[in-house]
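Asks: What follows is run.txt, compact mmCIF, C-alpha atoms and all ligand atoms.
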```txt
# COMPACT_ATOMS: atom_id res chain seq x y z
CA MET J 1 11.69 185.59 -46.80
CA ARG J 2 9.02 185.23 -49.45
CA ARG J 3 8.42 182.22 -51.66
CA ASN J 4 7.34 182.93 -55.21
CA SER J 5 5.82 179.56 -56.03
CA CYS J 6 3.05 177.34 -54.67
CA LEU J 7 3.79 175.20 -51.62
CA GLY J 8 1.77 172.34 -53.07
CA CYS J 9 2.57 172.27 -56.79
CA SER J 10 5.38 174.84 -57.41
CA SER J 11 3.21 176.83 -59.85
CA THR J 12 3.77 180.60 -59.98
CA GLN J 13 0.13 181.33 -60.88
CA LEU J 14 -0.71 182.81 -57.49
CA VAL J 15 -3.49 185.32 -56.76
CA LEU J 16 -3.41 187.57 -53.69
CA PHE J 17 -6.82 187.72 -51.96
CA LEU J 18 -6.19 189.01 -48.41
CA ASP J 19 -3.49 191.32 -47.10
CA LEU J 20 -3.62 192.66 -43.54
CA GLY J 21 -0.19 194.30 -43.67
CA ASP J 22 2.50 193.52 -41.11
CA MET J 23 1.37 191.29 -38.24
CA PRO J 24 3.17 189.73 -35.26
CA LEU J 25 3.24 185.92 -35.05
CA ALA J 26 -0.20 184.78 -33.85
CA GLY J 27 1.50 182.41 -31.38
CA GLY J 28 4.18 184.93 -30.38
CA PHE J 29 3.06 185.47 -26.76
CA LEU J 30 5.57 187.53 -24.79
CA SER J 31 6.82 186.26 -21.44
CA SER J 32 7.73 189.71 -20.07
CA PRO J 33 7.54 193.41 -21.00
CA GLY J 34 11.31 193.16 -21.65
CA GLU J 35 10.57 191.11 -24.76
CA ILE J 36 8.50 193.90 -26.36
CA ILE J 37 11.60 195.56 -27.76
CA LYS J 38 12.62 192.34 -29.56
CA GLU J 39 9.15 191.62 -30.99
CA LYS J 40 9.03 191.40 -34.77
CA THR J 41 6.22 191.74 -37.27
CA TYR J 42 6.05 190.07 -40.68
CA PRO J 43 3.99 190.68 -43.82
CA LEU J 44 1.03 188.33 -44.09
CA PRO J 45 -0.26 188.22 -47.68
CA ILE J 46 -2.60 185.26 -48.40
CA TYR J 47 -2.76 183.75 -51.87
CA ILE J 48 -4.60 181.05 -53.79
CA CYS J 49 -2.81 178.94 -56.36
CA GLU J 50 -4.72 178.93 -59.66
CA SER J 51 -3.13 175.63 -60.61
CA CYS J 52 -3.93 173.38 -57.59
CA GLY J 53 -6.29 175.61 -55.55
CA LEU J 54 -4.13 175.68 -52.41
CA VAL J 55 -4.70 178.63 -50.02
CA GLN J 56 -1.39 179.74 -48.54
CA THR J 57 0.81 182.52 -47.25
CA LEU J 58 4.03 182.96 -49.19
CA GLU J 59 5.83 184.58 -46.29
CA ILE J 60 8.22 182.12 -44.64
CA VAL J 61 9.16 182.70 -41.02
CA ASP J 62 12.00 180.62 -39.55
CA PRO J 63 10.32 177.62 -37.85
CA GLU J 64 12.88 177.89 -35.04
CA VAL J 65 11.35 181.28 -34.22
CA MET J 66 7.76 180.05 -34.58
CA PHE J 67 7.76 176.71 -32.79
CA GLN J 68 10.77 176.41 -30.49
CA ASN J 69 8.94 177.61 -27.42
CA TYR J 70 5.51 176.76 -28.66
CA SER J 71 2.99 177.70 -25.99
CA PHE J 72 0.28 175.33 -27.11
CA SER J 73 -0.09 172.22 -25.00
CA SER J 74 -2.95 170.03 -26.26
CA SER J 75 -3.53 168.29 -22.93
CA THR J 76 -4.51 171.59 -21.30
CA ILE J 77 -7.47 172.05 -23.68
CA GLY J 78 -10.44 169.87 -22.65
CA PRO J 79 -12.21 169.60 -26.02
CA LEU J 80 -8.91 168.65 -27.71
CA VAL J 81 -8.27 165.82 -25.24
CA GLU J 82 -11.72 164.49 -26.09
CA HIS J 83 -10.99 164.87 -29.81
CA PHE J 84 -7.82 162.79 -29.57
CA GLU J 85 -9.51 160.05 -27.53
CA ASP J 86 -12.15 159.83 -30.28
CA TYR J 87 -9.48 159.91 -32.97
CA ALA J 88 -7.56 157.03 -31.35
CA ALA J 89 -10.77 154.96 -31.22
CA TRP J 90 -11.54 155.87 -34.86
CA LEU J 91 -8.06 154.77 -35.98
CA GLN J 92 -8.51 151.45 -34.23
CA GLN J 93 -11.95 150.82 -35.70
CA THR J 94 -11.15 151.98 -39.22
CA LEU J 95 -7.56 150.84 -39.77
CA ASN J 96 -6.84 148.54 -36.81
CA PRO J 97 -3.10 149.35 -36.61
CA ASN J 98 -0.52 147.65 -34.39
CA THR J 99 1.94 150.52 -34.69
CA VAL J 100 1.37 154.25 -35.19
CA VAL J 101 3.85 157.09 -35.65
CA GLU J 102 2.56 160.59 -35.03
CA PHE J 103 4.48 163.62 -36.26
CA GLY J 104 3.82 166.88 -34.43
CA CYS J 105 2.75 164.83 -31.41
CA ASN J 106 2.76 167.86 -29.07
CA ASP J 107 2.64 166.70 -25.43
CA GLY J 108 1.52 163.20 -26.41
CA VAL J 109 -2.23 163.45 -25.97
CA LEU J 110 -2.96 161.11 -28.93
CA LEU J 111 -0.03 158.78 -28.15
CA LYS J 112 -1.40 158.27 -24.66
CA SER J 113 -4.91 157.43 -25.96
CA LEU J 114 -3.42 154.96 -28.49
CA GLU J 115 -1.29 153.26 -25.85
CA LYS J 116 -4.40 152.87 -23.70
CA LEU J 117 -5.96 150.89 -26.56
CA GLY J 118 -2.91 148.63 -26.73
CA ILE J 119 -1.48 150.23 -29.89
CA SER J 120 2.28 150.84 -29.96
CA ALA J 121 2.69 154.59 -30.48
CA HIS J 122 5.77 156.73 -31.27
CA GLY J 123 5.85 160.50 -31.55
CA VAL J 124 8.06 163.07 -33.28
CA ASP J 125 7.86 166.80 -32.54
CA PRO J 126 10.37 169.66 -32.97
CA SER J 127 9.45 171.61 -29.83
CA LYS J 128 11.88 170.90 -26.97
CA ASN J 129 9.74 172.10 -24.07
CA ILE J 130 6.61 170.29 -25.25
CA THR J 131 8.33 166.94 -26.05
CA GLN J 132 9.89 167.03 -22.60
CA LEU J 133 6.34 166.99 -21.17
CA ALA J 134 5.51 163.92 -23.28
CA ARG J 135 8.64 162.10 -22.14
CA GLU J 136 7.82 162.82 -18.52
CA LYS J 137 4.60 160.85 -19.09
CA GLY J 138 6.66 157.85 -20.21
CA LEU J 139 5.78 158.18 -23.91
CA ASN J 140 8.13 157.33 -26.82
CA VAL J 141 8.96 160.71 -28.34
CA THR J 142 11.82 162.01 -30.49
CA THR J 143 12.57 165.74 -30.66
CA ALA J 144 12.94 166.45 -34.39
CA TYR J 145 11.21 167.57 -37.56
CA PHE J 146 9.66 164.57 -39.28
CA GLY J 147 11.32 163.86 -42.63
CA PRO J 148 13.26 161.17 -44.54
CA GLU J 149 16.16 161.05 -42.03
CA ILE J 150 14.06 160.54 -38.91
CA ALA J 151 11.85 158.07 -40.85
CA GLN J 152 14.94 155.99 -41.64
CA GLU J 153 16.08 156.10 -38.04
CA LEU J 154 12.65 154.96 -36.80
CA ARG J 155 12.47 152.22 -39.44
CA GLU J 156 15.76 150.78 -38.18
CA ARG J 157 14.54 151.01 -34.60
CA ILE J 158 10.89 149.86 -34.80
CA GLY J 159 10.42 148.54 -38.37
CA GLN J 160 7.80 149.65 -40.88
CA VAL J 161 4.56 150.89 -39.36
CA ASP J 162 0.84 150.58 -40.11
CA VAL J 163 -0.23 154.18 -39.70
CA ILE J 164 1.50 157.55 -39.81
CA THR J 165 -0.56 160.48 -38.66
CA GLY J 166 -0.28 164.20 -38.15
CA SER J 167 -3.06 166.19 -36.57
CA ASN J 168 -3.22 169.91 -37.27
CA VAL J 169 0.51 170.02 -38.07
CA PHE J 170 0.85 169.07 -41.73
CA ALA J 171 -0.27 172.52 -42.88
CA HIS J 172 2.15 174.22 -40.45
CA ASN J 173 5.03 172.93 -42.50
CA ASP J 174 6.53 174.73 -45.46
CA CYS J 175 8.16 171.50 -46.76
CA PRO J 176 5.20 169.07 -46.97
CA GLU J 177 7.19 166.96 -49.45
CA ARG J 178 9.69 166.06 -46.70
CA ILE J 179 6.89 164.71 -44.52
CA LEU J 180 5.45 162.72 -47.44
CA GLU J 181 8.82 161.28 -48.43
CA GLY J 182 9.45 160.30 -44.81
CA ALA J 183 6.00 158.70 -44.52
CA LYS J 184 6.53 156.71 -47.72
CA ALA J 185 9.81 155.31 -46.38
CA LEU J 186 8.39 154.33 -42.99
CA LEU J 187 4.98 152.90 -43.93
CA LYS J 188 4.28 149.25 -44.72
CA PRO J 189 3.20 148.81 -48.38
CA ASN J 190 -0.43 148.43 -47.19
CA GLY J 191 -0.10 151.11 -44.49
CA HIS J 192 -1.95 154.42 -44.31
CA LEU J 193 -1.19 158.07 -43.87
CA CYS J 194 -3.92 159.92 -41.92
CA LEU J 195 -3.81 163.69 -41.94
CA GLU J 196 -6.03 166.08 -40.03
CA VAL J 197 -5.83 169.52 -41.56
CA MET J 198 -7.72 172.74 -41.06
CA TYR J 199 -10.31 172.72 -43.83
CA ALA J 200 -10.59 175.42 -46.48
CA GLY J 201 -14.32 174.59 -46.78
CA SER J 202 -14.91 175.59 -43.14
CA LEU J 203 -13.00 178.81 -43.74
CA LEU J 204 -15.39 179.66 -46.53
CA ASP J 205 -18.52 178.59 -44.64
CA GLU J 206 -17.71 180.56 -41.49
CA TRP J 207 -15.51 183.41 -42.75
CA GLN J 208 -12.59 182.14 -40.69
CA TRP J 209 -10.01 184.66 -41.92
CA ASP J 210 -8.62 184.62 -38.33
CA THR J 211 -6.99 181.22 -38.87
CA LEU J 212 -4.90 182.53 -41.77
CA TYR J 213 -1.63 183.29 -40.02
CA HIS J 214 2.08 182.62 -40.44
CA GLU J 215 2.05 179.39 -38.43
CA HIS J 216 -0.57 177.93 -40.79
CA ALA J 217 1.50 177.95 -43.95
CA ALA J 218 -1.38 176.45 -45.97
CA VAL J 219 -5.08 175.67 -45.72
CA TYR J 220 -6.03 172.56 -47.68
CA SER J 221 -9.19 171.45 -49.38
CA LEU J 222 -9.65 167.81 -50.32
CA SER J 223 -9.00 168.87 -53.87
CA SER J 224 -5.64 170.61 -53.26
CA LEU J 225 -4.47 167.94 -50.78
CA THR J 226 -5.34 165.10 -53.17
CA LYS J 227 -3.16 166.70 -55.86
CA LEU J 228 -0.22 167.11 -53.50
CA LEU J 229 -0.52 163.55 -52.12
CA HIS J 230 -0.80 162.10 -55.60
CA ARG J 231 2.42 163.80 -56.70
CA HIS J 232 4.18 161.92 -53.90
CA GLY J 233 2.65 158.51 -54.60
CA PHE J 234 -0.29 158.52 -52.18
CA TYR J 235 -3.91 157.81 -53.13
CA VAL J 236 -6.78 159.25 -51.09
CA VAL J 237 -9.14 156.51 -49.86
CA GLY J 238 -11.16 158.30 -47.17
CA ALA J 239 -12.16 161.82 -46.12
CA THR J 240 -14.28 163.00 -43.21
CA LYS J 241 -15.07 166.44 -41.86
CA THR J 242 -14.43 166.89 -38.13
CA SER J 243 -15.19 169.74 -35.76
CA MET J 244 -11.60 170.18 -34.53
CA HIS J 245 -10.34 173.80 -34.67
CA SER J 246 -13.70 174.98 -36.02
CA GLY J 247 -13.67 172.67 -38.99
CA SER J 248 -11.03 170.20 -40.14
CA LEU J 249 -10.68 167.47 -42.69
CA ARG J 250 -9.44 163.98 -41.84
CA VAL J 251 -7.94 162.42 -44.94
CA THR J 252 -6.72 158.82 -45.24
CA ALA J 253 -4.34 157.90 -48.04
CA GLY J 254 -2.52 154.72 -49.00
CA LEU J 255 0.25 153.68 -51.36
CA ASP J 256 -1.85 151.14 -53.28
CA SER J 257 -3.62 152.70 -56.28
CA LYS J 258 -6.13 149.82 -56.35
CA GLU J 259 -7.45 150.29 -52.80
CA LEU J 260 -11.19 150.93 -52.61
CA VAL J 261 -12.16 154.60 -52.22
CA ARG J 262 -14.81 155.29 -49.53
CA SER J 263 -18.03 157.08 -50.49
CA ASP J 264 -17.29 159.99 -48.11
CA VAL J 265 -14.57 161.13 -50.55
CA VAL J 266 -17.13 161.51 -53.34
CA ALA J 267 -19.49 163.52 -51.08
CA ILE J 268 -16.78 166.03 -50.16
CA GLN J 269 -15.61 166.30 -53.76
CA ALA J 270 -19.18 167.19 -54.78
CA TYR J 271 -19.39 169.83 -52.04
CA GLU J 272 -16.09 171.39 -53.14
CA GLN J 273 -17.22 171.53 -56.73
CA LYS J 274 -20.47 173.20 -55.72
CA CYS J 275 -18.75 175.99 -53.76
CA ALA J 276 -15.96 176.41 -56.37
CA ILE J 277 -13.35 175.94 -53.66
CA THR J 278 -10.38 176.08 -56.04
CA SER J 279 -11.54 179.20 -57.89
CA SER J 280 -9.58 182.40 -57.28
CA GLN J 281 -12.83 184.42 -57.61
CA THR J 282 -14.31 182.55 -54.61
CA TRP J 283 -11.34 183.59 -52.48
CA ILE J 284 -11.18 187.17 -53.76
CA ASN J 285 -14.78 187.50 -52.56
CA PHE J 286 -13.84 185.86 -49.23
CA GLY J 287 -11.00 188.37 -48.80
CA LYS J 288 -13.29 191.36 -49.44
CA GLN J 289 -15.98 190.14 -47.05
CA SER J 290 -13.42 189.32 -44.35
CA LYS J 291 -11.94 192.84 -44.52
CA ARG J 292 -15.44 194.27 -44.15
CA LYS J 293 -16.07 192.08 -41.06
CA ILE J 294 -12.82 193.21 -39.47
CA GLN J 295 -13.70 196.83 -40.15
CA ILE J 296 -17.15 196.51 -38.51
CA VAL J 297 -15.81 194.82 -35.35
CA ALA J 298 -12.99 197.41 -35.14
CA GLU J 299 -15.43 200.33 -35.45
CA VAL J 300 -18.02 198.99 -32.98
CA PHE J 301 -15.51 198.09 -30.26
CA GLY J 302 -13.42 201.20 -30.94
CA GLN J 303 -16.50 203.33 -30.16
CA LEU J 304 -17.47 201.24 -27.12
CA SER J 305 -13.95 201.48 -25.71
CA LEU J 306 -14.37 205.26 -25.28
CA HIS J 307 -16.67 204.75 -22.29
CA LYS J 308 -16.84 201.02 -21.50
CA ARG J 309 -14.42 198.43 -20.10
CA ILE J 310 -13.73 195.69 -22.63
CA ALA J 311 -11.86 192.40 -22.28
CA ALA J 312 -11.46 189.31 -24.44
CA TYR J 313 -11.75 185.58 -23.73
CA GLY J 314 -9.42 182.96 -25.21
CA ALA J 315 -5.78 183.88 -25.96
CA SER J 316 -5.60 181.69 -29.06
CA GLY J 317 -4.00 182.43 -32.41
CA LYS J 318 -7.41 183.70 -33.52
CA ALA J 319 -7.32 186.21 -30.65
CA SER J 320 -3.96 187.55 -31.81
CA MET J 321 -5.43 188.08 -35.25
CA TRP J 322 -8.52 189.93 -34.02
CA VAL J 323 -6.77 192.21 -31.53
CA ASN J 324 -4.10 193.15 -34.06
CA ALA J 325 -6.28 193.48 -37.16
CA CYS J 326 -8.75 195.62 -35.15
CA LYS J 327 -5.97 197.44 -33.24
CA MET J 328 -7.59 196.66 -29.87
CA ASP J 329 -4.91 198.21 -27.68
CA TYR J 330 -7.67 199.27 -25.24
CA LEU J 331 -8.50 195.78 -23.89
CA GLN J 332 -8.24 195.42 -20.09
CA TYR J 333 -6.97 191.85 -20.37
CA VAL J 334 -7.44 188.57 -22.23
CA VAL J 335 -8.64 185.57 -20.19
CA ASP J 336 -7.11 182.14 -20.74
CA SER J 337 -7.02 179.11 -18.45
CA SER J 338 -3.86 177.63 -19.95
CA PRO J 339 -0.78 178.03 -17.73
CA PHE J 340 1.18 178.33 -21.01
CA ARG J 341 -0.65 181.57 -21.84
CA ALA J 342 -1.81 183.21 -18.59
CA GLY J 343 0.83 185.54 -17.17
CA LYS J 344 2.12 186.40 -20.66
CA LEU J 345 1.33 189.33 -22.97
CA MET J 346 -0.59 189.22 -26.24
CA PRO J 347 1.52 189.61 -29.39
CA GLY J 348 1.33 193.10 -30.89
CA THR J 349 -1.03 194.81 -28.43
CA HIS J 350 0.83 193.52 -25.33
CA THR J 351 -2.44 193.08 -23.44
CA PRO J 352 -1.92 191.03 -20.25
CA ILE J 353 -3.28 187.47 -20.33
CA VAL J 354 -4.92 186.47 -17.05
CA PHE J 355 -6.48 183.36 -15.48
CA PRO J 356 -10.32 183.12 -15.25
CA ASP J 357 -10.10 183.99 -11.51
CA ASP J 358 -8.93 187.52 -12.38
CA PHE J 359 -11.92 187.92 -14.73
CA LYS J 360 -14.18 187.17 -11.76
CA LYS J 361 -12.35 189.71 -9.59
CA GLN J 362 -12.58 192.51 -12.18
CA PRO J 363 -15.33 191.78 -14.69
CA PRO J 364 -15.52 194.14 -17.70
CA ASP J 365 -18.68 195.65 -19.24
CA TYR J 366 -18.18 193.75 -22.48
CA MET J 367 -16.47 190.41 -23.04
CA LEU J 368 -15.45 189.62 -26.62
CA ILE J 369 -15.03 185.86 -27.11
CA THR J 370 -11.99 185.69 -29.36
CA ALA J 371 -12.01 181.88 -29.05
CA TRP J 372 -15.47 182.09 -30.68
CA ASP J 373 -15.44 178.42 -31.68
CA TYR J 374 -15.64 177.61 -27.95
CA ALA J 375 -18.29 180.30 -27.19
CA ASP J 376 -20.89 177.86 -25.79
CA ILE J 377 -18.40 176.16 -23.48
CA ILE J 378 -17.02 179.50 -22.24
CA CYS J 379 -20.48 181.01 -21.54
CA THR J 380 -21.58 177.89 -19.64
CA LYS J 381 -18.39 177.86 -17.59
CA GLU J 382 -18.64 181.58 -16.75
CA ASN J 383 -22.41 181.82 -16.36
CA TRP J 384 -22.00 184.14 -13.35
CA PHE J 385 -20.95 187.00 -15.71
CA GLY J 386 -23.56 189.78 -15.73
CA GLY J 387 -22.03 191.89 -18.51
CA ILE J 388 -22.51 191.63 -22.27
CA TRP J 389 -20.93 188.82 -24.27
CA SER J 390 -19.94 189.25 -27.88
CA ALA J 391 -18.54 186.92 -30.55
CA PRO J 392 -17.05 188.12 -33.84
CA LEU J 393 -17.75 185.02 -35.99
CA PRO J 394 -19.39 183.22 -37.72
CA VAL J 395 -21.82 186.17 -37.28
CA PHE J 396 -20.79 189.23 -35.25
CA ARG J 397 -23.23 189.29 -32.32
CA PHE J 398 -23.96 190.50 -28.78
CA PHE J 399 -25.83 188.38 -26.24
ZN ZN J 401 -0.42 174.99 -56.47
```
Would it be possible to restate this file's structure as structure tokens?
Ligand SMILES: [Zn+2]
Replies:
Amino acid sequence: MRRNSCLGCSSTQLVLFLDLGDMPLAGGFLSSPGEIIKEKTYPLPIYICESCGLVQTLEIVDPEVMFQNYSFSSSTIGPLVEHFEDYAAWLQQTLNPNTVVEFGCNDGVLLKSLEKLGISAHGVDPSKNITQLAREKGLNVTTAYFGPEIAQELRERIGQVDVITGSNVFAHNDCPERILEGAKALLKPNGHLCLEVMYAGSLLDEWQWDTLYHEHAAVYSLSSLTKLLHRHGFYVVGATKTSMHSGSLRVTAGLDSKELVRSDVVAIQAYEQKCAITSSQTWINFGKQSKRKIQIVAEVFGQLSLHKRIAAYGASGKASMWVNACKMDYLQYVVDSSPFRAGKLMPGTHTPIVFPDDFKKQPPDYMLITAWDYADIICTKENWFGGIWSAPLPVFRFF
């Protein structure tokens, strides 16, 4: 199904800037070869809204298909666990809440860190298998999509709360207004909404076209997010860049229009103005350059694959994008240490995903780091490898 208006502001002034044709879901890992026959692909055109500057795909895939058996468990990814421990400490220092509700809480990695600090934490997440993991750890989690109904239910159960947060989930949702309406109903009048979203500025800086997939319905800038929040009665009071998922934005907003705005908001606004982040021309250029980058990586590895063994490291959503956009059906395997990924097949190319031990048993000649944002960590961990490493972004390189 395709929307014909902007996710953030309902405008129909939308400009297409990147189209990679039909692609499988980036998170659509297959459990067995038997699932290949049922695998679907979907168009993936990426647009910018000329009215509010929001970068988005207009193609809507049923969230039940995308997230029901979501194979992304935050607690299995070391740097993410660290991120959430830091985030919990930051929330305590900056906003000092007694109660926090997190939507899209995944397996409860943030909830656990908050509880450790003595903060009462409640989670909401639609994925059955992942929320089960959180409950097994004794955390307070409801399996649902966060919206006005669940907000009402929580309000009756635990009262109004100090902070509502969503980390790397707000942009996955094609009804952001439901989240905002829910948050407004559940927050105390002086409470805060804290959102961590993948940042459009980082996309521009590092050519991260590989994060533009169906599951990420939108990529926000401070500018486009401010407009959306304002329409629903929230005022931005703080904004910080973080390194999560190769560049995110942490935005704090309140319901009181008179609350003091922190200076970090002004600094990011100035940066966004300088790089013309809401201009369609900026993104048309980004689209052209990204296509060129894909073409170069496809040609170089296509040639190498004629006489060399090639594998990839990191079965993330980014990996799905690279292997499918570059048609890398020649890869020996993709390495991933997560038990949610290893043993499965990559979407589209159906390359087997293996544990790091198998990489050691059968090392390839070339190893392409598809999780390029973790390149340093991966190379340090696998420093025994005598072959050639490569990373496609931010600059395509061999080392
Ligand atoms: Zn818009």
Asks: Chain J near ligand ZN 401 (chain J) within 7 Å: what's each residue's closest atom pair and its distance in Å to one decimal, counting all atoms listed in the file, ordered by chain then ascending residue number, as a tab-separated table?
Replies:
```
residue	atom	partner	partner_atom	distance
J:Cys6	CA	J:ZN401	ZN	4.6
J:Leu7	CA	J:ZN401	ZN	6.4
J:Gly8	CA	J:ZN401	ZN	4.8
J:Cys9	CA	J:ZN401	ZN	4.1
J:Ser10	CA	J:ZN401	ZN	5.9
J:Ser11	CA	J:ZN401	ZN	5.3
J:Cys49	CA	J:ZN401	ZN	4.6
J:Glu50	CA	J:ZN401	ZN	6.6
J:Ser51	CA	J:ZN401	ZN	5.0
J:Cys52	CA	J:ZN401	ZN	4.0
J:Gly53	CA	J:ZN401	ZN	6.0
J:Leu54	CA	J:ZN401	ZN	5.5
```
Asks: Which residues come within 10 Å of J:Asn96, counting all atoms listed in the file, excluding same-chain residues fewer than 5 positions away, as a list of chain:residue names?
Replies: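 Skipping anything fewer than 5 positions along the chain leaves J:Ala89, J:Trp90, J:Leu91, J:Ile119, J:Asp162, J:Val163.
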Asks: Any idea what the distance is between atom CA of J:Ser390 and atom CA of J:Thr370?
Replies: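 Answer for the atom CA of J:Ser390 to atom CA of J:Thr370 separation: 8.8 Å.
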Asks: Looking at J:Ser337, J:Asn106, J:Gln93, J:Ser290, which one is nearest to J:Asp210, with distances taken over all atoms listed in the file?
Replies: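 Counting all atoms listed in the file, the residue closest to J:Asp210 is J:Ser290.
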Asks: Would you please work out which residue, of J:Thr252, J:Ile36, J:Thr226, J:Glu64, is nearest to J:Thr94 when using all atoms listed in the file?
Replies: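 Of all the options, J:Thr252 lies closest to J:Thr94.
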Asks: Between atom CA of J:Asn168 and atom CA of J:Val109, what is the distance, to one decimal in Å?
Replies: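 According to the coordinates, atom CA of J:Asn168 and atom CA of J:Val109 are separated by 13.1 Å.
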Asks: Near stretch 58-61 of chain J, counting only C-alpha atoms, which residues have an atom at most 7 Å away, once you skip same-chain residues fewer than 4 positions from it, shown as an MDAnalysis selection string?
Replies: chainID J and resid 1:4 43:45
Asks: Between J:Glu215, J:Gly159, J:Asp107, J:Phe170, single out the one closest to J:Glu136, counting only C-alpha atoms.
Replies: J:Asp107
